[in-house]
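**Q** Quick one: the structure is below, questions incoming.
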Amino acid sequence: MESDLATDPDRLLPSEEKTRSIARDLLARVEDLPIISPHGHVEVATLSENEPFPDPATLLVSGDHYLTRLIHSSGVSLGSLGLGTEPHDPREVWREFMRAWPLFSGTASEYWLRSELVNVLHLDVDLTAETSDEVYDLLVARLAEPDFRPRSLFEQFGIEVLATTDDPLDDLGHHAALRSDETFTGRVIPTFRPDAYLDVTSPGWVDRVDRLIAEAGEGLVGYRGYHAALLNRRRHFIENGAVSADHGVRNPITVKLGPVEAQALFDRARTGNLDPFDQERFLAHMLYEMARMSVEDGLVMTVHAGVLRNHHSPTFARFGPDTGHDIPIATSFAEGLRPLLQDWGTEPGFHLVLFTVDESAWSRELAPLAGFYPSVYLGAPWWFLDAPDAIRRFREAVTETAGYSRSSGFIDDTRAFLSIPARHDAARRAEAGYLARLVAEKRVALARAEQVIVDVVSEAPRRVFKL
Amino acid sequence: MESDLATDPDRLLPSEEKTRSIARDLLARVEDLPIISPHGHVEVATLSENEPFPDPATLLVSGDHYLTRLIHSSGVSLGSLGLGTEPHDPREVWREFMRAWPLFSGTASEYWLRSELVNVLHLDVDLTAETSDEVYDLLVARLAEPDFRPRSLFEQFGIEVLATTDDPLDDLGHHAALRSDETFTGRVIPTFRPDAYLDVTSPGWVDRVDRLIAEAGEGLVGYRGYHAALLNRRRHFIENGAVSADHGVRNPITVKLGPVEAQALFDRARTGNLDPFDQERFLAHMLYEMARMSVEDGLVMTVHAGVLRNHHSPTFARFGPDTGHDIPIATSFAEGLRPLLQDWGTEPGFHLVLFTVDESAWSRELAPLAGFYPSVYLGAPWWFLDAPDAIRRFREAVTETAGYSRSSGFIDDTRAFLSIPARHDAARRAEAGYLARLVAEKRVALARAEQVIVDVVSEAPRRVFKL
Amino acid sequence: MESDLATDPDRLLPSEEKTRSIARDLLARVEDLPIISPHGHVEVATLSENEPFPDPATLLVSGDHYLTRLIHSSGVSLGSLGLGTEPHDPREVWREFMRAWPLFSGTASEYWLRSELVNVLHLDVDLTAETSDEVYDLLVARLAEPDFRPRSLFEQFGIEVLATTDDPLDDLGHHAALRSDETFTGRVIPTFRPDAYLDVTSPGWVDRVDRLIAEAGEGLVGYRGYHAALLNRRRHFIENGAVSADHGVRNPITVKLGPVEAQALFDRARTGNLDPFDQERFLAHMLYEMARMSVEDGLVMTVHAGVLRNHHSPTFARFGPDTGHDIPIATSFAEGLRPLLQDWGTEPGFHLVLFTVDESAWSRELAPLAGFYPSVYLGAPWWFLDAPDAIRRFREAVTETAGYSRSSGFIDDTRAFLSIPARHDAARRAEAGYLARLVAEKRVALARAEQVIVDVVSEAPRRVFKL
C-alpha cells in the first residue's frame, strides 16, 4: 500500500539491522528540525497572496517537469498534461498522471509525490487509474480547506527560511509585502539570478540589458552603466533580505578581462556582432565579475553548471523552458574556475557553492577544490542527483577527501512547494544511512556522528548561506 | 568447489538476509522465463546447419575475446590460444586456458564459463591445470552427444528469440532456411549492421560500396544509388524478420546535411579525397540518415558508442578484429545526438537504444535523455559492463531519474552461444538484487516489484525491440 | 573514544554479519604480512641518519598536505600550520590542528592519523582542543624514546621494502650509506623521477638540463647528450637498487618523434622558443622515450596522470609545491598512450603501471587496457582515492573486467612515515571487505579468496615492481 511506504519509519534507511538501528538514532536527532531551504523556485506570490492552491493537476503535475518529462517519454504529449496554451481539463490531466504512475516506480519523484499525497494531503486511497477521479475529488476538497493554504502549510512544514529565485529587475514588492505582514512570521528571501543579463545568447538580451541600464544604471551608459546597474540591483536584493546570487552556466569558465576589452565585447554584443567564442568569453568575464561583486557585497555565489538547456527545440518553441529536456553534459571545474579562484579563492567571507549534474566531478574536482579553498563549498547533489542513492554516492565520493565541513547542506531547488518536506525528509534519511555505515564500520564514533548529522542538516546551510 | 558456486541458489544475490529473501522471491518470478536475446553475434549457420560443436577449446576459448584478452595479458600469445592461421592443437589451447583459469577470479567471464561447464555441459570436475586433459576429454565426449547440438541446446536454453548480426549484403539464406525448416520452431532473426558501409575509413569501403550499389542500387549511381541500396537492403532484412539495425560508432555524433553536400562528400570519399574532419562529418550524416530510415521502415535503431577499436595495430594486423583490444573512451551523447533528436526524437514508433561503455554517461546523459524522449531507450550495461556489479551500478545510476520503463532489458551481445543462459541468469539475479534493496528500503512495494522484474526481463525487450 | 575505533578488530569491515565474518577470515591471512611499499616519498636521510623525529607538529602536521589543506579550507593560514619560512611555535601549530580535528570526521586522514597516534605512538588521550597541550607533551616525550627513532619504527612496522622518490642527479649517497650499514637490514630503494627534466615548462628546466648534460652526458651535447645522460642516470639508479621510474604528467599523452624533430624541439626549448603545443609534444615524446628506456633497462614505468598542479598560484609562490592545491582533472588514457603501447605494449618484461585520480577511467579505460596488454598494470587507488570507500569502488570498477592479476597492489605514496602501517592496514581491510562480498555472493570460493588476498597484498607488488 502506498501509504504504508510513505509512513514507514524505516523508509530509505539501510536494511542491514545494525546499520539501520544506528541510522534510526541519527535520524531521530534531525527528523523534526526546521527546514532551511536556501535555494529554490517557489513563487513568493504564493505566500504573499496566500490564495488557495489551484486544482490538484495544476498544482502537482503540470508545473513539475520531473513528472511531465517521464510521462512524456511514455508517449503522452505535454499539451495533454496541461502545458502550453491549449485549454485543458485538469481532471483529464490527473487521469493521465494516474495512468502513468507506475512509470515512477523507483524514482525520487515517486517518493516525493507519495509523501506529499499521504503525509501532507492525508490521502489514504491507492493511486491507480481506477481511483483517479476519486483521488482527484478528495484532493480538490482537501485543497479547499483553510489548513491547506500556502502560509498554513509553510508553518506545518516547519520551514525556517525559504529562498526564492528572482529576476534582477524584480522590484521584490511581494517580498517586501510579506516581510511587512505581521500575520506571517516566516522568513522568505529573494535570490539574485542574473543569467539572462550576463549571457548574450539569451533571447532578448539586448532589450533586457537596455532596460537594466535605464532603470538602474545611475545615468551611466554602455558597459559602465551595465556594471553599475548590476551592482545596484544586487544592493536592492540585499536590502530585501537576499543572501545569495545564483548562476546557471553551461560551462563553469571564468576569465579576467581588462575594462577596455570588456567594454568592447559588450558593445559588440549589443549590436549582435559577437562570435560564439567571444560570447562565451564575455560570459566567462561576467562570471568572474560576479565573484568580485560577491567578495564586495557578501552575497553567496552559487553556480549550477553543466546543463545543455532546452535540448529539444520544437518542445521549447511550443512549451517554453523548464519543460523536462535540459540535459547534463560532462563538466570540468578545475581549469575554468582557476582565474576566479586565483584572485578570490582565499578571500575571507567569500562563499562559492558549486553544483554539478556530472557525478564524475565529485571526487575528481569538487571535493579537492572544496578541501583546499576556504571559499569553495560542495553543493549538495542537485537536480537529477537529488535522490536517495545519488545522495549516498555523493557522500561516498566526497567525504573521504573533504569531510563534512565543506558541503553546503541540502537544497531542494524546487518549484513544487508541497514537495519540500518530502525532499528534505529523503535527504535526511540518506544522510543518516551513510553516516550510520561510517559508525557501523568504526570509522566515526556514534557521539560524533550525532553532532555531524545536526551540522549537516541544520548548521551547514546556515553557515554556508550566511543565514 | 566450482560446481557448488555454479548451482548455489543464492549466487549473486545480496548477502544481507532480509534483502536476499526478497531477492529470492523476485528471482523466482523470472528465473524460468524464456530468454529473449534481441542483440548478439551467434552465427545463424550454427543453428541452420546444426552440426556438432567443434572441440571445447575452439568452442569455448579461441573465439571468446573476453577470455583470450585476459590470458593474453598474462603473457600468453594469442596464437597459442588458437587465434590466427598458425596450426594449433586444441588440447594445448585448453591446457593454456586451464592454467590461466585463476586469472578470472571475480570476473564476469568466470561466472559465465563456470555456469556453462557445470550447468550446460554437466561437468563435475574442478578446473585446474592438473585436470585439464580429463576435463577436455569429458567435454569432447559431451559435445558429441546429440543433446548437445546447437538446436537441442537452443531448446534447452528456453530461447524464445535470438537475433544475429549480419552484413547488409548477406542474402540471409541461412535465416530463410531455418525459418522454413519445420523441425525447428525457434525464432532466429537477422540484424542489419551497416557500419562498414557508412564509415569511409573502414578498410575496403570503396569496393564494398561499389558492390552495394551494384547489387541493390536499382540502377541508380553515386549517392542516390547508395542511399537507395541501403533502403533496399533494410527492406530485405525486414522481410527476413529483422527488427533492428545496429550501429557501432566511436563518437555518437549526428549532422543533417543537404543532398548536395552529402553527395559531394560521398563522391570525394570514393576517390579517397576526404580529410578526417569530413570523414567524421559524412558518418555523422549517415547516422542521421539511418534514423530517418528507421522512422520510415520501423527498424529499431541501436547505437553502441564510445569504443576505440583495434587499439593494438600489430595484433589487429596479425589476428584481425574482435581480438580483445577494443578500448572504451569518454563518450558524450547529449550534444552529438541533438540534430537527430531534434527531428526524430518525438516521432511515434521510432526507437533509439543507446549503449555506452562509459559509466559516467549513465546518470549524466542517458537517463535524462531517455526520461524525456519517447524514442530513446537506455541500452542495458554493455560489454565490459555486462556484469553483476556493473548492472547494479547501472540501475543505481538511472532508476532514480528514469524509472524502469525506459530501459531496453538485457542484451547478451555474445558470440558465445553456450554462455547465453548464464549471461541472462546473471542479469536476472543482478536485477533481483537491486530491486530487492528498493523493497527492503520501503521504496517500492513488493507487489509492484514483482511486476517490475517480469517487465524488465520479459516485457521490456519485447516492447523496445518490437518483438 | 578515539582509541576504541583505532583498535577495534572489525574497523573498516562491512557490517553485515556473514560478510564481516568472511572478511575477518581473509584479513587474518594478511594482517601481519610484511609491508611492501614500492612507491612513496619518505626521505632516505630519515633512515640513514636515524635522528629522532622532530616535534609532533612538524612530524605529523606541517608536512602532511592532506591535513594542512583541509585545515586551510576552514580559514586557517598555511603559515600558522608551520609552512613557509616565518618562524612558528610547533605547540601552537598542534593547537590549531587539535581545534581542526573534527573537520576530519569520515576522512581517510582521520583513520590514518588516529591509528598513528593510538597504535604507533600509544596515545590514550582523546583528541580535543582542551587536551592539545597534554597530547603534545606526551608525544614529545614519546618521540624522544629510542624505540621511536626511524629505524626502530621501520622494524616495528614490518617494512620489507620501502621506495623513496629521487631526483635523477641525486648521487644516492644516503642510499649507499644505508645499504652498507650492517646495523640496518631493511631494504630501502630509490626511484628515478625525471619530471623536472622532461617537462620544459618546469621552472628552471634549462639550468637543470645543462647540469644534467654536464654531469652525465658523456661529453655529448644537445639532445644526444641529454638522452645519454638520462640513460646514464637511470643506470646509476639501477646500480643503487632502483626498480622503477616514476612520471607525473598532466595528460598521459605519448608521441614518437624522429631524432631530427626531437632535437629541434629540444634546441628551441633551451632557448625558450617553444609554444605550448610543442612543449606538450616534446613531453609526450619524452614519455615515449622513457618507455623505450624502460624496455631496455627494465625499470618499471609508473605514470601518475591527470593532476593540475599548484592550482592556487599565490599559495605556490609563498609556500611552494605539494601544499594541498593539486587538483585532478578529467583524464583519458586510451588515445594518448596508444603510440607507446603500439610499440612496447606487448614487450616482454616491460611493466607500465597507470595511476589515475579520475575514477571514471577505471572501468572505462584502465581495466580494459590492463586486461589486454601484458605490460599494463592497474595502479592502486591513488592520492584522494587512497581511502576505504574509494578502494572498494576501485575493485568494483575493475575486477569484473580485469580480475585480480592485473593490479599493482597497494602503494602508500606518502611522505608521512608514521602513517605507513595505517595506510596499508586500511587497504588490507578494504580488500578483505570487497573480497568477502564476492565470497558471500558465491562468486569466488573462500579457498580461492584466501589465495587472492595474499596475492593482492604480498605477491602483486613484488611481481609488478620486480621486487
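Chain labels run A, B, ... following the order of the C-alpha cells; each chain numbers its residues from 1, and ligands are numbered from 1 in the order shown.
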Would you mind listing, for every residue of chain C within 8 Å of chain B, the two atoms forming the shortest contact and the distance between them in Å to one decimal, using only C-alpha atoms, sorted by chain and ascending residue number, as a tab-separated table?

**A**
residue	atom	partner	partner_atom	distance
C:Glu16	CA	B:Glu16	CA	6.3
C:Lys18	CA	B:Ser15	CA	7.3
C:Thr19	CA	B:Ser15	CA	7.2
C:Ser332	CA	B:Ile329	CA	7.2
C:Ala334	CA	B:Ile327	CA	6.6
C:Glu335	CA	B:Leu308	CA	8.0
C:Arg338	CA	B:His311	CA	7.0
C:Leu341	CA	B:His312	CA	7.1
C:Gln342	CA	B:His312	CA	5.4
C:Pro348	CA	B:Gly75	CA	7.6
C:Ser360	CA	B:Ser360	CA	6.3
C:Ser363	CA	B:Glu359	CA	7.7
C:Arg364	CA	B:Pro328	CA	5.4
C:Glu365	CA	B:Pro328	CA	5.8
C:Pro368	CA	B:Ile327	CA	6.0
C:Leu369	CA	B:Ile327	CA	6.7
C:Ala370	CA	B:Ser73	CA	7.0
C:Gly371	CA	B:Leu70	CA	5.0
C:Phe372	CA	B:Ser73	CA	4.7
C:Tyr373	CA	B:Ser73	CA	5.0
C:Pro374	CA	B:Ser73	CA	3.9
C:Ser375	CA	B:Ser73	CA	7.5
C:Glu396	CA	B:Asp389	CA	6.6
C:Ala397	CA	B:Ala390	CA	7.5
C:Thr399	CA	B:Thr107	CA	5.9
C:Glu400	CA	B:Thr107	CA	3.8
C:Thr401	CA	B:Thr107	CA	5.8
C:Ala402	CA	B:Thr107	CA	6.8
C:Gly403	CA	B:Thr107	CA	5.3
C:Tyr404	CA	B:Leu103	CA	6.8
C:Ser405	CA	B:Leu103	CA	5.9
C:Arg406	CA	B:Ser73	CA	7.9
C:Arg437	CA	B:Ser15	CA	7.7
C:Leu438	CA	B:Gly106	CA	7.0
C:Ala440	CA	B:Ser15	CA	5.9
C:Glu441	CA	B:Leu12	CA	4.8
C:Lys442	CA	B:Arg11	CA	5.0
C:Arg443	CA	B:Gly106	CA	6.5
C:Val444	CA	B:Gly106	CA	6.2
C:Ala445	CA	B:Met1	CA	6.9
C:Arg448	CA	B:Ser105	CA	8.0

**Q** Taking 2 positions as the minimum chain separation for residues in the same chain, which residues sit within 10 Å of range 453-455 of chain C when counting only C-alpha atoms? Answer as a ChimeraX atom specification.

**A** /C:26-27,29-31,33,404-405,409,428,431-432,435,448-451,457-463

**Q** Please report, as a tab-separated table (two decimals) with N, CA and C atoms, in the first residue's frame, each residue of range 140-288 of chain C to which DSSP assigns alpha helix (DSSP H) when run on this structure's backbone.

**A**
chain	number	residue	atom	x	y	z
C	140	VAL	N	55.84	14.54	22.51
C	140	VAL	CA	57.24	14.96	22.58
C	140	VAL	C	58.06	13.92	23.35
C	141	ALA	N	57.49	13.51	24.47
C	141	ALA	CA	58.20	12.52	25.28
C	141	ALA	C	58.35	11.20	24.54
C	142	ARG	N	57.28	10.81	23.92
C	142	ARG	CA	57.31	9.53	23.20
C	142	ARG	C	58.37	9.55	22.10
C	143	LEU	N	58.40	10.63	21.35
C	143	LEU	CA	59.32	10.70	20.22
C	143	LEU	C	60.78	10.78	20.67
C	144	ALA	N	60.98	11.10	21.93
C	144	ALA	CA	62.35	11.13	22.45
C	144	ALA	C	62.83	9.73	22.83
C	150	PRO	N	63.53	6.47	13.70
C	150	PRO	CA	63.08	5.93	12.41
C	150	PRO	C	63.39	4.46	12.20
C	151	ARG	N	64.62	4.03	12.43
C	151	ARG	CA	64.95	2.64	12.11
C	151	ARG	C	64.20	1.67	12.99
C	152	SER	N	64.03	2.06	14.23
C	152	SER	CA	63.29	1.18	15.14
C	152	SER	C	61.85	1.03	14.67
C	153	LEU	N	61.25	2.15	14.28
C	153	LEU	CA	59.87	2.08	13.77
C	153	LEU	C	59.81	1.27	12.48
C	154	PHE	N	60.78	1.47	11.63
C	154	PHE	CA	60.85	0.71	10.37
C	154	PHE	C	60.73	-0.78	10.67
C	155	GLU	N	61.45	-1.21	11.68
C	155	GLU	CA	61.39	-2.63	12.03
C	155	GLU	C	60.06	-3.00	12.67
C	156	GLN	N	59.61	-2.16	13.59
C	156	GLN	CA	58.30	-2.43	14.21
C	156	GLN	C	57.18	-2.49	13.18
C	173	GLY	N	73.85	8.97	-2.31
C	173	GLY	CA	74.81	8.66	-1.25
C	173	GLY	C	74.14	8.14	0.02
C	174	HIS	N	73.01	8.73	0.37
C	174	HIS	CA	72.29	8.24	1.55
C	174	HIS	C	71.86	6.79	1.35
C	175	HIS	N	71.42	6.47	0.17
C	175	HIS	CA	71.03	5.08	-0.10
C	175	HIS	C	72.23	4.15	0.04
C	176	ALA	N	73.35	4.58	-0.55
C	176	ALA	CA	74.55	3.74	-0.46
C	176	ALA	C	74.97	3.53	1.00
C	177	ALA	N	74.93	4.65	1.74
C	177	ALA	CA	75.33	4.56	3.15
C	177	ALA	C	74.43	3.58	3.91
C	178	LEU	N	73.15	3.68	3.64
C	178	LEU	CA	72.21	2.81	4.35
C	178	LEU	C	72.42	1.35	3.98
C	179	ARG	N	72.68	1.11	2.70
C	179	ARG	CA	72.89	-0.27	2.24
C	179	ARG	C	74.14	-0.88	2.87
C	180	SER	N	75.16	-0.02	3.02
C	180	SER	CA	76.42	-0.57	3.52
C	180	SER	C	76.45	-0.61	5.05
C	195	ASP	N	60.60	14.02	-13.97
C	195	ASP	CA	59.66	15.03	-14.49
C	195	ASP	C	60.30	16.39	-14.78
C	196	ALA	N	61.04	16.88	-13.82
C	196	ALA	CA	61.54	18.25	-13.93
C	196	ALA	C	62.59	18.38	-15.03
C	197	TYR	N	63.03	17.26	-15.56
C	197	TYR	CA	63.99	17.27	-16.67
C	197	TYR	C	63.31	17.03	-18.02
C	198	LEU	N	62.07	16.57	-17.97
C	198	LEU	CA	61.36	16.23	-19.21
C	198	LEU	C	60.36	17.30	-19.62
C	205	TRP	N	64.02	24.62	-15.91
C	205	TRP	CA	64.32	23.47	-16.77
C	205	TRP	C	65.66	23.62	-17.50
C	206	VAL	N	65.91	24.81	-18.03
C	206	VAL	CA	67.12	25.00	-18.84
C	206	VAL	C	68.37	24.73	-18.00
C	207	ASP	N	68.44	25.34	-16.85
C	207	ASP	CA	69.62	25.15	-16.00
C	207	ASP	C	69.76	23.70	-15.56
C	208	ARG	N	68.63	23.11	-15.24
C	208	ARG	CA	68.66	21.73	-14.75
C	208	ARG	C	69.20	20.79	-15.84
C	209	VAL	N	68.74	21.06	-17.05
C	209	VAL	CA	69.17	20.22	-18.17
C	209	VAL	C	70.65	20.46	-18.48
C	210	ASP	N	71.07	21.71	-18.37
C	210	ASP	CA	72.50	22.00	-18.55
C	210	ASP	C	73.32	21.15	-17.57
C	211	ARG	N	72.89	21.16	-16.33
C	211	ARG	CA	73.63	20.43	-15.31
C	211	ARG	C	73.61	18.92	-15.60
C	212	LEU	N	72.44	18.46	-16.02
C	212	LEU	CA	72.31	17.03	-16.34
C	212	LEU	C	73.30	16.62	-17.42
C	213	ILE	N	73.36	17.41	-18.48
C	213	ILE	CA	74.25	17.07	-19.59
C	213	ILE	C	75.71	17.17	-19.13
C	214	ALA	N	75.97	18.24	-18.37
C	214	ALA	CA	77.36	18.42	-17.92
C	214	ALA	C	77.81	17.25	-17.04
C	215	GLU	N	76.93	16.81	-16.17
C	215	GLU	CA	77.33	15.78	-15.21
C	215	GLU	C	77.30	14.37	-15.76
C	216	ALA	N	76.40	14.12	-16.72
C	216	ALA	CA	76.21	12.73	-17.12
C	216	ALA	C	76.13	12.51	-18.62
C	222	GLY	N	73.78	18.81	-26.60
C	222	GLY	CA	72.43	18.91	-27.16
C	222	GLY	C	71.59	17.70	-26.80
C	223	TYR	N	70.63	17.39	-27.67
C	223	TYR	CA	69.68	16.33	-27.39
C	223	TYR	C	70.38	15.00	-27.18
C	224	ARG	N	71.47	14.77	-27.90
C	224	ARG	CA	72.18	13.50	-27.73
C	224	ARG	C	72.77	13.38	-26.33
C	225	GLY	N	73.35	14.49	-25.87
C	225	GLY	CA	73.89	14.49	-24.51
C	225	GLY	C	72.80	14.30	-23.47
C	226	TYR	N	71.69	14.96	-23.71
C	226	TYR	CA	70.53	14.87	-22.81
C	226	TYR	C	70.03	13.43	-22.73
C	227	HIS	N	69.87	12.84	-23.87
C	227	HIS	CA	69.37	11.45	-23.95
C	227	HIS	C	70.35	10.50	-23.26
C	228	ALA	N	71.61	10.66	-23.57
C	228	ALA	CA	72.62	9.78	-22.97
C	228	ALA	C	72.67	9.97	-21.45
C	229	ALA	N	72.54	11.22	-21.02
C	229	ALA	CA	72.60	11.49	-19.58
C	229	ALA	C	71.44	10.84	-18.84
C	230	LEU	N	70.27	10.89	-19.44
C	230	LEU	CA	69.11	10.25	-18.80
C	230	LEU	C	69.37	8.75	-18.66
C	231	LEU	N	69.85	8.15	-19.73
C	231	LEU	CA	70.17	6.71	-19.68
C	231	LEU	C	71.21	6.42	-18.59
C	232	ASN	N	72.22	7.26	-18.54
C	232	ASN	CA	73.27	7.07	-17.53
C	232	ASN	C	72.75	7.16	-16.11
C	233	ARG	N	71.90	8.16	-15.89
C	233	ARG	CA	71.40	8.32	-14.53
C	233	ARG	C	70.46	7.18	-14.15
C	234	ARG	N	69.69	6.69	-15.11
C	234	ARG	CA	68.86	5.52	-14.83
C	234	ARG	C	69.77	4.36	-14.40
C	235	ARG	N	70.88	4.20	-15.13
C	235	ARG	CA	71.79	3.10	-14.80
C	235	ARG	C	72.31	3.26	-13.37
C	236	HIS	N	72.66	4.52	-13.04
C	236	HIS	CA	73.13	4.80	-11.69
C	236	HIS	C	72.07	4.41	-10.65
C	237	PHE	N	70.84	4.72	-10.94
C	237	PHE	CA	69.75	4.36	-10.01
C	237	PHE	C	69.62	2.84	-9.90
C	238	ILE	N	69.70	2.18	-11.04
C	238	ILE	CA	69.58	0.72	-11.01
C	238	ILE	C	70.71	0.12	-10.17
C	239	GLU	N	71.90	0.64	-10.35
C	239	GLU	CA	73.03	0.15	-9.57
C	239	GLU	C	72.83	0.37	-8.08
C	259	PRO	N	64.55	11.49	-34.50
C	259	PRO	CA	65.61	12.20	-33.78
C	259	PRO	C	65.79	13.64	-34.25
C	260	VAL	N	65.53	13.90	-35.51
C	260	VAL	CA	65.74	15.26	-36.01
C	260	VAL	C	64.73	16.20	-35.38
C	261	GLU	N	63.47	15.78	-35.39
C	261	GLU	CA	62.46	16.67	-34.82
C	261	GLU	C	62.64	16.79	-33.30
C	262	ALA	N	62.97	15.67	-32.66
C	262	ALA	CA	63.17	15.72	-31.21
C	262	ALA	C	64.28	16.72	-30.87
C	263	GLN	N	65.35	16.64	-31.62
C	263	GLN	CA	66.47	17.54	-31.37
C	263	GLN	C	66.09	19.00	-31.62
C	264	ALA	N	65.34	19.21	-32.68
C	264	ALA	CA	64.93	20.58	-32.99
C	264	ALA	C	64.07	21.15	-31.87
C	265	LEU	N	63.12	20.36	-31.38
C	265	LEU	CA	62.28	20.84	-30.29
C	265	LEU	C	63.12	21.11	-29.05
C	266	PHE	N	64.02	20.19	-28.78
C	266	PHE	CA	64.88	20.34	-27.60
C	266	PHE	C	65.69	21.63	-27.69
C	267	ASP	N	66.28	21.87	-28.87
C	267	ASP	CA	67.09	23.08	-29.03
C	267	ASP	C	66.25	24.34	-28.84
C	268	ARG	N	65.06	24.34	-29.41
C	268	ARG	CA	64.21	25.52	-29.26
C	268	ARG	C	63.75	25.68	-27.82
C	269	ALA	N	63.53	24.56	-27.17
C	269	ALA	CA	63.10	24.65	-25.76
C	269	ALA	C	64.19	25.31	-24.92
C	270	ARG	N	65.43	25.00	-25.22
C	270	ARG	CA	66.53	25.54	-24.42
C	270	ARG	C	66.70	27.04	-24.61
C	276	PRO	N	53.22	26.44	-26.52
C	276	PRO	CA	52.62	25.43	-25.64
C	276	PRO	C	52.34	24.10	-26.35
C	277	PHE	N	51.93	24.16	-27.59
C	277	PHE	CA	51.65	22.92	-28.31
C	277	PHE	C	52.91	22.07	-28.41
C	278	ASP	N	54.02	22.68	-28.80
C	278	ASP	CA	55.27	21.92	-28.94
C	278	ASP	C	55.87	21.55	-27.59
C	279	GLN	N	55.60	22.36	-26.58
C	279	GLN	CA	56.03	21.96	-25.23
C	279	GLN	C	55.39	20.63	-24.85
C	280	GLU	N	54.09	20.53	-25.08
C	280	GLU	CA	53.39	19.29	-24.76
C	280	GLU	C	53.87	18.15	-25.66
C	281	ARG	N	54.15	18.50	-26.89
C	281	ARG	CA	54.62	17.50	-27.86
C	281	ARG	C	55.98	16.93	-27.44
C	282	PHE	N	56.84	17.79	-26.96
C	282	PHE	CA	58.15	17.31	-26.52
C	282	PHE	C	58.01	16.40	-25.30
C	283	LEU	N	57.17	16.80	-24.38
C	283	LEU	CA	56.95	15.97	-23.19
C	283	LEU	C	56.37	14.61	-23.59
C	284	ALA	N	55.44	14.64	-24.54
C	284	ALA	CA	54.83	13.38	-25.00
C	284	ALA	C	55.89	12.49	-25.65
C	285	HIS	N	56.78	13.11	-26.35
C	285	HIS	CA	57.89	12.35	-26.94
C	285	HIS	C	58.78	11.75	-25.85
C	286	MET	N	59.09	12.55	-24.85
C	286	MET	CA	59.98	12.04	-23.80
C	286	MET	C	59.33	10.93	-22.99
C	287	LEU	N	58.00	11.01	-22.85
C	287	LEU	CA	57.31	9.93	-22.15
C	287	LEU	C	57.44	8.63	-22.97
C	288	TYR	N	57.32	8.79	-24.26
C	288	TYR	CA	57.55	7.63	-25.15
C	288	TYR	C	58.98	7.11	-24.98

**Q** Mind the document's chain letters and residue numbers, and return as a list in words the residues of range 123-283 of chain C that DSSP labels strand (DSSP E or B).

**A**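 Selection result, strand (DSSP E or B) within range 123-283 of chain C: Ile159, Glu160, Val161, Leu162, Ala163, Asp166, Arg187, Val188, Ile189, Phe192, Ser244, Ala245, Asp246, His247, Gly248 and Val249 of chain C.
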
**Q** Rank nothing, just name the residue among C:Glu182, C:Asp199, C:Glu116, C:Glu130 nearest to Ile420 in chain C, using only C-alpha atoms.

**A** C:Glu116

**Q** With distances taken over only C-alpha atoms, which residue among B:Leu60, B:Leu354, B:Val161, B:Ile391 lies nearest Ile35 in chain B?

**A** B:Val161

**Q** Rank nothing, just name the residue among C:Arg95, C:His122, C:Arg187, C:Arg193 nearest to Ser37 in chain C, using only C-alpha atoms.

**A**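 Distance minimum relative to Ser37 in chain C lands on C:Arg187.
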
**Q** Quick one: distance from CA of Leu366 in chain B to CA of Ala305 in chain A in Å, one decimal?

**A** 17.9 Å
